[in-house]
$ cat coords-v1.cif   # mmCIF, C-alpha atoms; chains and numbers go by the auth columns
data_data
loop_
_atom_site.group_PDB
_atom_site.id
_atom_site.type_symbol
_atom_site.label_atom_id
_atom_site.label_comp_id
_atom_site.label_asym_id
_atom_site.label_seq_id
_atom_site.Cartn_x
_atom_site.Cartn_y
_atom_site.Cartn_z
_atom_site.B_iso_or_equiv
_atom_site.auth_seq_id
_atom_site.auth_asym_id
ATOM 1 C CA MET A 1 261.039 -44.243 95.414 0.00 1 P
ATOM 2 C CA SER A 2 262.405 -47.784 95.185 0.00 2 P
ATOM 3 C CA ARG A 3 263.932 -49.686 98.088 0.00 3 P
ATOM 4 C CA ARG A 4 267.155 -50.138 96.086 0.00 4 P
ATOM 5 C CA PHE A 5 267.502 -46.368 95.666 0.00 5 P
ATOM 6 C CA VAL A 6 266.933 -45.687 99.361 0.00 6 P
ATOM 7 C CA THR A 7 269.352 -48.444 100.411 0.00 7 P
ATOM 8 C CA ALA A 8 272.059 -47.297 98.001 0.00 8 P
ATOM 9 C CA THR A 9 271.711 -43.676 99.094 0.00 9 P
ATOM 10 C CA VAL A 10 271.915 -44.528 102.787 0.00 10 P
ATOM 11 C CA PHE A 11 275.018 -46.691 102.362 0.00 11 P
ATOM 12 C CA CYS A 12 276.668 -44.031 100.203 0.00 12 P
ATOM 13 C CA PHE A 13 276.295 -41.348 102.845 0.00 13 P
ATOM 14 C CA LEU A 14 277.224 -43.738 105.631 0.00 14 P
ATOM 15 C CA ALA A 15 280.496 -44.379 103.856 0.00 15 P
ATOM 16 C CA MET A 16 281.070 -40.645 103.433 0.00 16 P
ATOM 17 C CA SER A 17 280.350 -40.041 107.105 0.00 17 P
ATOM 18 C CA THR A 18 283.297 -42.208 108.186 0.00 18 P
ATOM 19 C CA ALA A 19 285.565 -39.312 107.214 0.00 19 P
ATOM 20 C CA ALA A 20 283.280 -36.724 108.772 0.00 20 P
ATOM 21 C CA THR A 21 284.198 -33.714 110.828 0.00 21 P
ATOM 22 C CA ALA A 22 281.740 -31.421 112.565 0.00 22 P
ATOM 23 C CA GLY A 23 279.213 -31.126 109.713 0.00 23 P
ATOM 24 C CA THR A 24 276.807 -28.273 110.498 0.00 24 P
ATOM 25 C CA SER A 25 277.041 -28.658 114.289 0.00 25 P
ATOM 26 C CA ASP A 26 279.014 -25.404 114.648 0.00 26 P
ATOM 27 C CA LYS A 27 276.596 -23.311 112.593 0.00 27 P
ATOM 28 C CA PRO A 28 273.907 -21.213 114.299 0.00 28 P
ATOM 29 C CA VAL A 29 271.737 -21.494 111.166 0.00 29 P
ATOM 30 C CA SER A 30 271.711 -24.402 108.718 0.00 30 P
ATOM 31 C CA TRP A 31 269.487 -24.846 105.673 0.00 31 P
ATOM 32 C CA GLN A 32 267.937 -28.138 104.665 0.00 32 P
ATOM 33 C CA PHE A 33 266.299 -29.808 101.687 0.00 33 P
ATOM 34 C CA ASP A 34 264.603 -33.210 101.630 0.00 34 P
ATOM 35 C CA ILE A 35 262.484 -35.479 99.479 0.00 35 P
ATOM 36 C CA GLY A 36 260.681 -38.663 100.390 0.00 36 P
ATOM 37 C CA TYR A 37 257.759 -41.042 100.460 0.00 37 P
ATOM 38 C CA SER A 38 254.472 -39.836 101.972 0.00 38 P
ATOM 39 C CA MET A 39 251.854 -42.263 103.294 0.00 39 P
ATOM 40 C CA ALA A 40 248.326 -41.247 104.225 0.00 40 P
ATOM 41 C CA GLN A 41 247.020 -42.973 107.337 0.00 41 P
ATOM 42 C CA GLY A 42 243.623 -43.818 108.824 0.00 42 P
ATOM 43 C CA MET A 43 240.503 -43.035 106.802 0.00 43 P
ATOM 44 C CA ALA A 44 242.518 -40.933 104.345 0.00 44 P
ATOM 45 C CA GLY A 45 244.669 -43.977 103.623 0.00 45 P
ATOM 46 C CA ASP A 46 241.559 -45.851 102.468 0.00 46 P
ATOM 47 C CA VAL A 47 241.122 -43.517 99.491 0.00 47 P
ATOM 48 C CA LEU A 48 244.620 -42.124 98.845 0.00 48 P
ATOM 49 C CA GLU A 49 247.546 -44.029 97.389 0.00 49 P
ATOM 50 C CA ASP A 50 251.031 -43.460 98.799 0.00 50 P
ATOM 51 C CA GLY A 51 252.649 -40.361 97.343 0.00 51 P
ATOM 52 C CA TYR A 52 255.686 -38.142 97.623 0.00 52 P
ATOM 53 C CA THR A 53 256.859 -35.128 99.591 0.00 53 P
ATOM 54 C CA ILE A 54 259.429 -32.392 99.090 0.00 54 P
ATOM 55 C CA GLY A 55 260.519 -29.831 101.675 0.00 55 P
ATOM 56 C CA PHE A 56 262.823 -26.908 102.346 0.00 56 P
ATOM 57 C CA GLY A 57 263.611 -25.205 105.645 0.00 57 P
ATOM 58 C CA ALA A 58 266.131 -24.195 108.275 0.00 58 P
ATOM 59 C CA VAL A 59 267.336 -25.192 111.724 0.00 59 P
ATOM 60 C CA LEU A 60 268.196 -22.355 114.104 0.00 60 P
ATOM 61 C CA ARG A 61 270.573 -23.071 116.989 0.00 61 P
ATOM 62 C CA PRO A 62 271.354 -19.832 118.867 0.00 62 P
ATOM 63 C CA ASN A 63 273.968 -21.741 120.871 0.00 63 P
ATOM 64 C CA PRO A 64 275.457 -24.519 118.665 0.00 64 P
ATOM 65 C CA LYS A 65 276.917 -26.212 121.750 0.00 65 P
ATOM 66 C CA THR A 66 273.468 -27.015 123.160 0.00 66 P
ATOM 67 C CA PRO A 67 271.315 -29.890 121.813 0.00 67 P
ATOM 68 C CA ILE A 68 268.156 -27.774 121.454 0.00 68 P
ATOM 69 C CA GLY A 69 267.316 -25.938 118.240 0.00 69 P
ATOM 70 C CA TYR A 70 264.329 -24.546 116.359 0.00 70 P
ATOM 71 C CA LYS A 71 263.128 -25.990 113.082 0.00 71 P
ATOM 72 C CA PHE A 72 261.215 -24.080 110.389 0.00 72 P
ATOM 73 C CA GLU A 73 260.094 -25.644 107.128 0.00 73 P
ATOM 74 C CA MET A 74 257.721 -25.533 104.180 0.00 74 P
ATOM 75 C CA THR A 75 256.662 -28.772 102.468 0.00 75 P
ATOM 76 C CA TYR A 76 254.547 -30.003 99.587 0.00 76 P
ATOM 77 C CA ASP A 77 252.946 -33.473 99.531 0.00 77 P
ATOM 78 C CA PHE A 78 250.962 -35.039 96.700 0.00 78 P
ATOM 79 C CA TRP A 79 248.965 -38.255 96.330 0.00 79 P
ATOM 80 C CA ASP A 80 246.755 -39.980 93.759 0.00 80 P
ATOM 81 C CA VAL A 81 243.241 -41.082 94.630 0.00 81 P
ATOM 82 C CA ASP A 82 242.727 -44.838 94.732 0.00 82 P
ATOM 83 C CA THR A 83 240.176 -45.255 91.936 0.00 83 P
ATOM 84 C CA SER A 84 239.222 -48.709 93.207 0.00 84 P
ATOM 85 C CA ALA A 85 237.808 -47.176 96.395 0.00 85 P
ATOM 86 C CA LEU A 86 234.115 -46.446 96.775 0.00 86 P
ATOM 87 C CA PHE A 87 233.121 -43.012 98.026 0.00 87 P
ATOM 88 C CA PRO A 88 229.992 -42.027 100.016 0.00 88 P
ATOM 89 C CA GLY A 89 226.870 -43.162 98.214 0.00 89 P
ATOM 90 C CA GLY A 90 228.746 -45.918 96.414 0.00 90 P
ATOM 91 C CA THR A 91 230.235 -43.509 93.846 0.00 91 P
ATOM 92 C CA GLN A 92 233.075 -44.940 91.769 0.00 92 P
ATOM 93 C CA VAL A 93 235.577 -42.383 90.433 0.00 93 P
ATOM 94 C CA ASP A 94 237.895 -42.597 87.424 0.00 94 P
ATOM 95 C CA ASP A 95 240.565 -40.128 88.512 0.00 95 P
ATOM 96 C CA GLY A 96 241.553 -37.821 91.332 0.00 96 P
ATOM 97 C CA ASP A 97 244.430 -36.392 93.298 0.00 97 P
ATOM 98 C CA ALA A 98 245.223 -34.595 96.534 0.00 98 P
ATOM 99 C CA ASN A 99 248.001 -32.294 97.658 0.00 99 P
ATOM 100 C CA GLN A 100 249.087 -30.466 100.765 0.00 100 P
ATOM 101 C CA TRP A 101 251.100 -27.308 101.409 0.00 101 P
ATOM 102 C CA ALA A 102 252.369 -26.871 104.961 0.00 102 P
ATOM 103 C CA ILE A 103 254.346 -24.294 106.930 0.00 103 P
ATOM 104 C CA ARG A 104 255.627 -25.581 110.277 0.00 104 P
ATOM 105 C CA ALA A 105 257.738 -24.534 113.246 0.00 105 P
ATOM 106 C CA GLY A 106 258.939 -26.573 116.192 0.00 106 P
ATOM 107 C CA VAL A 107 261.575 -27.469 118.743 0.00 107 P
ATOM 108 C CA GLN A 108 264.211 -30.053 117.821 0.00 108 P
ATOM 109 C CA TYR A 109 266.655 -32.020 119.964 0.00 109 P
ATOM 110 C CA GLU A 110 269.932 -33.150 118.394 0.00 110 P
ATOM 111 C CA SER A 111 272.540 -35.256 120.148 0.00 111 P
ATOM 112 C CA SER A 112 276.273 -34.766 119.686 0.00 112 P
ATOM 113 C CA GLY A 113 278.564 -36.966 117.614 0.00 113 P
ATOM 114 C CA ASP A 114 280.872 -37.050 114.612 0.00 114 P
ATOM 115 C CA ARG A 115 279.536 -40.208 112.945 0.00 115 P
ATOM 116 C CA ALA A 116 275.798 -40.262 113.653 0.00 116 P
ATOM 117 C CA LYS A 117 273.437 -38.122 115.707 0.00 117 P
ATOM 118 C CA PHE A 118 269.903 -38.709 116.916 0.00 118 P
ATOM 119 C CA VAL A 119 267.289 -36.022 116.213 0.00 119 P
ATOM 120 C CA GLY A 120 263.722 -35.700 117.403 0.00 120 P
ATOM 121 C CA GLY A 121 261.237 -32.900 117.637 0.00 121 P
ATOM 122 C CA VAL A 122 257.662 -31.682 117.872 0.00 122 P
ATOM 123 C CA GLY A 123 255.902 -28.657 116.477 0.00 123 P
ATOM 124 C CA ILE A 124 252.823 -27.007 115.031 0.00 124 P
ATOM 125 C CA GLY A 125 251.870 -25.740 111.610 0.00 125 P
ATOM 126 C CA GLY A 126 249.309 -24.589 109.095 0.00 126 P
ATOM 127 C CA TYR A 127 248.212 -27.143 106.493 0.00 127 P
ATOM 128 C CA ARG A 128 246.414 -26.325 103.226 0.00 128 P
ATOM 129 C CA LEU A 129 244.751 -29.445 101.804 0.00 129 P
ATOM 130 C CA HIS A 130 243.230 -29.728 98.342 0.00 130 P
ATOM 131 C CA ALA A 131 241.566 -32.753 96.729 0.00 131 P
ATOM 132 C CA ASN A 132 239.385 -33.469 93.721 0.00 132 P
ATOM 133 C CA VAL A 133 237.803 -36.527 92.132 0.00 133 P
ATOM 134 C CA SER A 134 236.372 -36.835 88.631 0.00 134 P
ATOM 135 C CA GLU A 135 234.466 -39.242 86.404 0.00 135 P
ATOM 136 C CA THR A 136 235.094 -39.753 82.694 0.00 136 P
ATOM 137 C CA VAL A 137 232.089 -39.146 80.408 0.00 137 P
ATOM 138 C CA TYR A 138 231.604 -38.995 76.639 0.00 138 P
ATOM 139 C CA VAL A 139 229.921 -35.958 75.129 0.00 139 P
ATOM 140 C CA PRO A 140 229.209 -34.773 71.568 0.00 140 P
ATOM 141 C CA GLY A 141 232.104 -32.913 70.032 0.00 141 P
ATOM 142 C CA TYR A 142 234.563 -32.835 67.157 0.00 142 P
ATOM 143 C CA ILE A 143 237.455 -35.182 66.449 0.00 143 P
ATOM 144 C CA CYS A 144 240.381 -33.708 64.524 0.00 144 P
ATOM 145 C CA ASP A 145 242.825 -36.146 62.942 0.00 145 P
ATOM 146 C CA PRO A 146 246.283 -34.595 62.271 0.00 146 P
ATOM 147 C CA TYR A 147 247.165 -37.401 59.839 0.00 147 P
ATOM 148 C CA TYR A 148 244.395 -36.400 57.434 0.00 148 P
ATOM 149 C CA TRP A 149 245.120 -32.704 56.892 0.00 149 P
ATOM 150 C CA TRP A 150 243.550 -31.810 60.259 0.00 150 P
ATOM 151 C CA TYR A 151 240.149 -32.867 59.040 0.00 151 P
ATOM 152 C CA CYS A 152 237.545 -32.629 61.813 0.00 152 P
ATOM 153 C CA TYR A 153 234.338 -34.573 62.054 0.00 153 P
ATOM 154 C CA PRO A 154 231.603 -34.852 64.707 0.00 154 P
ATOM 155 C CA GLY A 155 231.725 -37.668 67.246 0.00 155 P
ATOM 156 C CA LEU A 156 231.876 -38.546 70.932 0.00 156 P
ATOM 157 C CA VAL A 157 234.865 -37.191 72.858 0.00 157 P
ATOM 158 C CA ALA A 158 236.026 -37.973 76.385 0.00 158 P
ATOM 159 C CA GLY A 159 235.650 -35.400 79.109 0.00 159 P
ATOM 160 C CA ASP A 160 235.765 -35.214 82.909 0.00 160 P
ATOM 161 C CA ILE A 161 233.035 -34.315 85.351 0.00 161 P
ATOM 162 C CA ILE A 162 234.399 -32.968 88.633 0.00 162 P
ATOM 163 C CA LEU A 163 232.456 -34.843 91.300 0.00 163 P
ATOM 164 C CA GLU A 164 234.069 -33.102 94.243 0.00 164 P
ATOM 165 C CA ASP A 165 236.677 -30.356 94.661 0.00 165 P
ATOM 166 C CA ARG A 166 237.585 -29.088 98.124 0.00 166 P
ATOM 167 C CA THR A 167 240.275 -26.937 99.706 0.00 167 P
ATOM 168 C CA LEU A 168 240.776 -26.612 103.468 0.00 168 P
ATOM 169 C CA THR A 169 243.308 -24.709 105.555 0.00 169 P
ATOM 170 C CA LYS A 170 243.667 -26.143 109.047 0.00 170 P
ATOM 171 C CA PHE A 171 245.894 -26.219 112.107 0.00 171 P
ATOM 172 C CA GLY A 172 247.973 -29.310 112.831 0.00 172 P
ATOM 173 C CA TYR A 173 250.751 -30.927 114.849 0.00 173 P
ATOM 174 C CA TYR A 174 253.814 -32.932 113.919 0.00 174 P
ATOM 175 C CA ALA A 175 256.536 -35.098 115.448 0.00 175 P
ATOM 176 C CA ASN A 176 259.759 -36.236 113.798 0.00 176 P
ATOM 177 C CA LEU A 177 262.435 -38.807 114.616 0.00 177 P
ATOM 178 C CA GLY A 178 265.603 -39.501 112.673 0.00 178 P
ATOM 179 C CA VAL A 179 269.357 -39.866 112.341 0.00 179 P
ATOM 180 C CA VAL A 180 271.838 -37.267 111.054 0.00 180 P
ATOM 181 C CA PHE A 181 275.160 -38.285 109.489 0.00 181 P
ATOM 182 C CA PRO A 182 277.714 -35.416 109.584 0.00 182 P
ATOM 183 C CA LEU A 183 279.777 -34.935 106.424 0.00 183 P
ATOM 184 C CA THR A 184 282.744 -32.633 105.844 0.00 184 P
ATOM 185 C CA SER A 185 280.793 -29.345 105.744 0.00 185 P
ATOM 186 C CA SER A 186 277.187 -30.525 105.604 0.00 186 P
ATOM 187 C CA ASP A 187 274.898 -33.270 106.916 0.00 187 P
ATOM 188 C CA PHE A 188 272.834 -36.067 105.450 0.00 188 P
ATOM 189 C CA TYR A 189 269.749 -37.216 107.342 0.00 189 P
ATOM 190 C CA ILE A 190 266.970 -39.762 107.185 0.00 190 P
ATOM 191 C CA GLU A 191 263.822 -38.961 109.090 0.00 191 P
ATOM 192 C CA GLY A 192 260.354 -40.314 109.827 0.00 192 P
ATOM 193 C CA GLN A 193 257.562 -37.835 110.471 0.00 193 P
ATOM 194 C CA TYR A 194 254.001 -37.972 111.764 0.00 194 P
ATOM 195 C CA HIS A 195 251.453 -35.266 110.929 0.00 195 P
ATOM 196 C CA TRP A 196 247.987 -34.815 112.411 0.00 196 P
ATOM 197 C CA VAL A 197 245.707 -32.204 110.838 0.00 197 P
ATOM 198 C CA ASN A 198 242.435 -31.048 112.370 0.00 198 P
ATOM 199 C CA VAL A 199 239.990 -31.829 109.558 0.00 199 P
ATOM 200 C CA GLU A 200 236.848 -33.980 109.490 0.00 200 P
ATOM 201 C CA GLU A 201 237.678 -37.448 110.838 0.00 201 P
ATOM 202 C CA TYR A 202 241.256 -36.122 111.108 0.00 202 P
ATOM 203 C CA PHE A 203 243.932 -36.300 108.438 0.00 203 P
ATOM 204 C CA GLU A 204 247.127 -38.188 109.268 0.00 204 P
ATOM 205 C CA THR A 205 250.243 -38.648 107.154 0.00 205 P
ATOM 206 C CA PHE A 206 253.515 -40.459 107.727 0.00 206 P
ATOM 207 C CA PRO A 207 256.355 -39.258 105.434 0.00 207 P
ATOM 208 C CA ILE A 208 259.825 -40.818 105.384 0.00 208 P
ATOM 209 C CA VAL A 209 262.416 -38.442 103.922 0.00 209 P
ATOM 210 C CA LEU A 210 266.057 -38.322 102.898 0.00 210 P
ATOM 211 C CA GLY A 211 267.615 -34.899 103.248 0.00 211 P
ATOM 212 C CA TRP A 212 270.693 -32.727 103.005 0.00 212 P
ATOM 213 C CA ARG A 213 271.522 -29.987 105.505 0.00 213 P
ATOM 214 C CA PHE A 214 274.123 -27.350 104.730 0.00 214 P
#

$ encode --input "coords-v1.cif" --output "structure tokens"
Amino acid sequence: MSRRFVTATVFCFLAMSTAATAGTSDKPVSWQFDIGYSMAQGMAGDVLEDGYTIGFGAVLRPNPKTPIGYKFEMTYDFWDVDTSALFPGGTQVDDGDANQWAIRAGVQYESSGDRAKFVGGVGIGGYRLHANVSETVYVPGYICDPYYWWYCYPGLVAGDIILEDRTLTKFGYYANLGVVFPLTSSDFYIEGQYHWVNVEEYFETFPIVLGWRF
């Protein structure tokens, strides 16, 4: 996600918010959708390139007049493995990726306002992490050329050896901090998040998302 896109999007919604009314502040339940940039931190950041995140959820406010609500969401994050990084034993990989499914619930504070509102919250969740790395090798096989009547002949073809493939489901915590801009009947928000997952050496991510709440 380029800086120009983020900047243009933020200014667009800021302009729209100048004519805002209550947004979703009077709704006991509001749905939300967001997409953003996900950065792995700590030791994970040494082997994972920055990736992307997408999420869907809801905010429950039994009493819309109070600043406290409850946030529920499901998200998916994905990253590429940095192939320039060396793994244990000095192994160099040619390809790899990692992804994360998460289901979270927490408490969220939201200030009042018609132009911009502060939001912040904390919560817990279940995180399912999957990662694999592979190395390209050449093995005997057949090469079929579609430009020569699909003629096939023996030769060396490229293949992948999976060096490591792991899936873990662990418990984690999160904290979020952001700003909500009320629109006519919905909200736009930008939010920074921090996630800590209880895996070996810990797994930390820092997504920044742009979202729409309706």

$ resolve_selection --input "coords-v1.cif" --expression "the PyMOL selection byres ((chain P and resi 82) around 7)" --output "VMD selection string"
chain P and resid 47 to 49 80 to 81 83 to 85

$ residues_around --input "coords-v1.cif" --residues "Phe56 (chain P)" --least-positions-apart "3" --cutoff "9 Å" --atoms "all atoms listed in the file" --output "ChimeraX atom specification"
/P:31-34,72-75

$ closest_residue --input "coords-v1.cif" --among "P:Asp26, P:Asp165, P:Asp187, P:Asp145" --to "Pro62 (chain P)" --atoms "only C-alpha atoms"
P:Asp26

$ atom_distance --input "coords-v1.cif" --atom1 "CA of Trp196 (chain P)" --atom2 "CA of Asn132 (chain P)"
20.6 Å

$ axis_aligned_box --input "coords-v1.cif" --around "region 105-110 of chain P" --padding-each-side "6 Å" --output "JSON"
{"center_x": 263.8, "center_y": -28.8, "center_z": 116.6, "size_x": 24.2, "size_y": 20.6, "size_z": 18.7}

$ closest_residue --input "coords-v1.cif" --among "P:Gly96, P:Gly51, P:Gly45, P:Gly120" --to "Glu204 (chain P)" --atoms "only C-alpha atoms"
P:Gly45

$ closest_residue --input "coords-v1.cif" --among "P:Gly192, P:Gly23, P:Gly126, P:Pro67" --to "Leu210 (chain P)" --atoms "all atoms listed in the file"
P:Gly192

$ residues_around --input "coords-v1.cif" --residues "Tyr189 (chain P)" --least-positions-apart "2" --cutoff "12 Å" --atoms "all atoms listed in the file" --output "PyMOL selection string"
chain P and resi 6+9-11+13-14+17+23-24+32-36+110+115-120+176-183+186-187+191-192+208-214

$ write_last_selection --input "coords-v1.cif" --atoms "C-alpha atoms" --output "PDB file, in the coordinates of the input"
ATOM      1  CA  VAL P   6     266.933 -45.687  99.361  1.00  0.00           C
ATOM      2  CA  THR P   9     271.711 -43.676  99.094  1.00  0.00           C
ATOM      3  CA  VAL P  10     271.915 -44.528 102.787  1.00  0.00           C
ATOM      4  CA  PHE P  11     275.018 -46.691 102.362  1.00  0.00           C
ATOM      5  CA  PHE P  13     276.295 -41.348 102.845  1.00  0.00           C
ATOM      6  CA  LEU P  14     277.224 -43.738 105.631  1.00  0.00           C
ATOM      7  CA  SER P  17     280.350 -40.041 107.105  1.00  0.00           C
ATOM      8  CA  GLY P  23     279.213 -31.126 109.713  1.00  0.00           C
ATOM      9  CA  THR P  24     276.807 -28.273 110.498  1.00  0.00           C
ATOM     10  CA  GLN P  32     267.937 -28.138 104.665  1.00  0.00           C
ATOM     11  CA  PHE P  33     266.299 -29.808 101.687  1.00  0.00           C
ATOM     12  CA  ASP P  34     264.603 -33.210 101.630  1.00  0.00           C
ATOM     13  CA  ILE P  35     262.484 -35.479  99.479  1.00  0.00           C
ATOM     14  CA  GLY P  36     260.681 -38.663 100.390  1.00  0.00           C
ATOM     15  CA  GLU P 110     269.932 -33.150 118.394  1.00  0.00           C
ATOM     16  CA  ARG P 115     279.536 -40.208 112.945  1.00  0.00           C
ATOM     17  CA  ALA P 116     275.798 -40.262 113.653  1.00  0.00           C
ATOM     18  CA  LYS P 117     273.437 -38.122 115.707  1.00  0.00           C
ATOM     19  CA  PHE P 118     269.903 -38.709 116.916  1.00  0.00           C
ATOM     20  CA  VAL P 119     267.289 -36.022 116.213  1.00  0.00           C
ATOM     21  CA  GLY P 120     263.722 -35.700 117.403  1.00  0.00           C
ATOM     22  CA  ASN P 176     259.759 -36.236 113.798  1.00  0.00           C
ATOM     23  CA  LEU P 177     262.435 -38.807 114.616  1.00  0.00           C
ATOM     24  CA  GLY P 178     265.603 -39.501 112.673  1.00  0.00           C
ATOM     25  CA  VAL P 179     269.357 -39.866 112.341  1.00  0.00           C
ATOM     26  CA  VAL P 180     271.838 -37.267 111.054  1.00  0.00           C
ATOM     27  CA  PHE P 181     275.160 -38.285 109.489  1.00  0.00           C
ATOM     28  CA  PRO P 182     277.714 -35.416 109.584  1.00  0.00           C
ATOM     29  CA  LEU P 183     279.777 -34.935 106.424  1.00  0.00           C
ATOM     30  CA  SER P 186     277.187 -30.525 105.604  1.00  0.00           C
ATOM     31  CA  ASP P 187     274.898 -33.270 106.916  1.00  0.00           C
ATOM     32  CA  GLU P 191     263.822 -38.961 109.090  1.00  0.00           C
ATOM     33  CA  GLY P 192     260.354 -40.314 109.827  1.00  0.00           C
ATOM     34  CA  ILE P 208     259.825 -40.818 105.384  1.00  0.00           C
ATOM     35  CA  VAL P 209     262.416 -38.442 103.922  1.00  0.00           C
ATOM     36  CA  LEU P 210     266.057 -38.322 102.898  1.00  0.00           C
ATOM     37  CA  GLY P 211     267.615 -34.899 103.248  1.00  0.00           C
ATOM     38  CA  TRP P 212     270.693 -32.727 103.005  1.00  0.00           C
ATOM     39  CA  ARG P 213     271.522 -29.987 105.505  1.00  0.00           C
ATOM     40  CA  PHE P 214     274.123 -27.350 104.730  1.00  0.00           C
TER      41      PHE P 214
END

$ closest_residue --input "coords-v1.cif" --among "P:Phe171, P:Tyr153, P:Asn63, P:Trp101" --to "Ala131 (chain P)" --atoms "all atoms listed in the file"
P:Trp101

$ atom_distance --input "coords-v1.cif" --atom1 "CA of Ser112 (chain P)" --atom2 "CA of Ile124 (chain P)"
25.1 Å

$ atom_distance --input "coords-v1.cif" --atom1 "CA of Tyr142 (chain P)" --atom2 "CA of Asp94 (chain P)"
22.7 Å

$ closest_residue --input "coords-v1.cif" --among "P:Thr66, P:Thr169, P:Thr53, P:Gln108" --to "Phe203 (chain P)" --atoms "only C-alpha atoms"
P:Thr169

$ closest_residue --input "coords-v1.cif" --among "P:Ala102, P:Tyr52, P:Val122, P:Val59" --to "Val197 (chain P)" --atoms "all atoms listed in the file"
P:Ala102

$ resolve_selection --input "coords-v1.cif" --expression "the PyMOL selection byres ((chain P and resi 42) around 9)" --output "PyMOL selection string"
chain P and resi 40-41+43-46+201-205
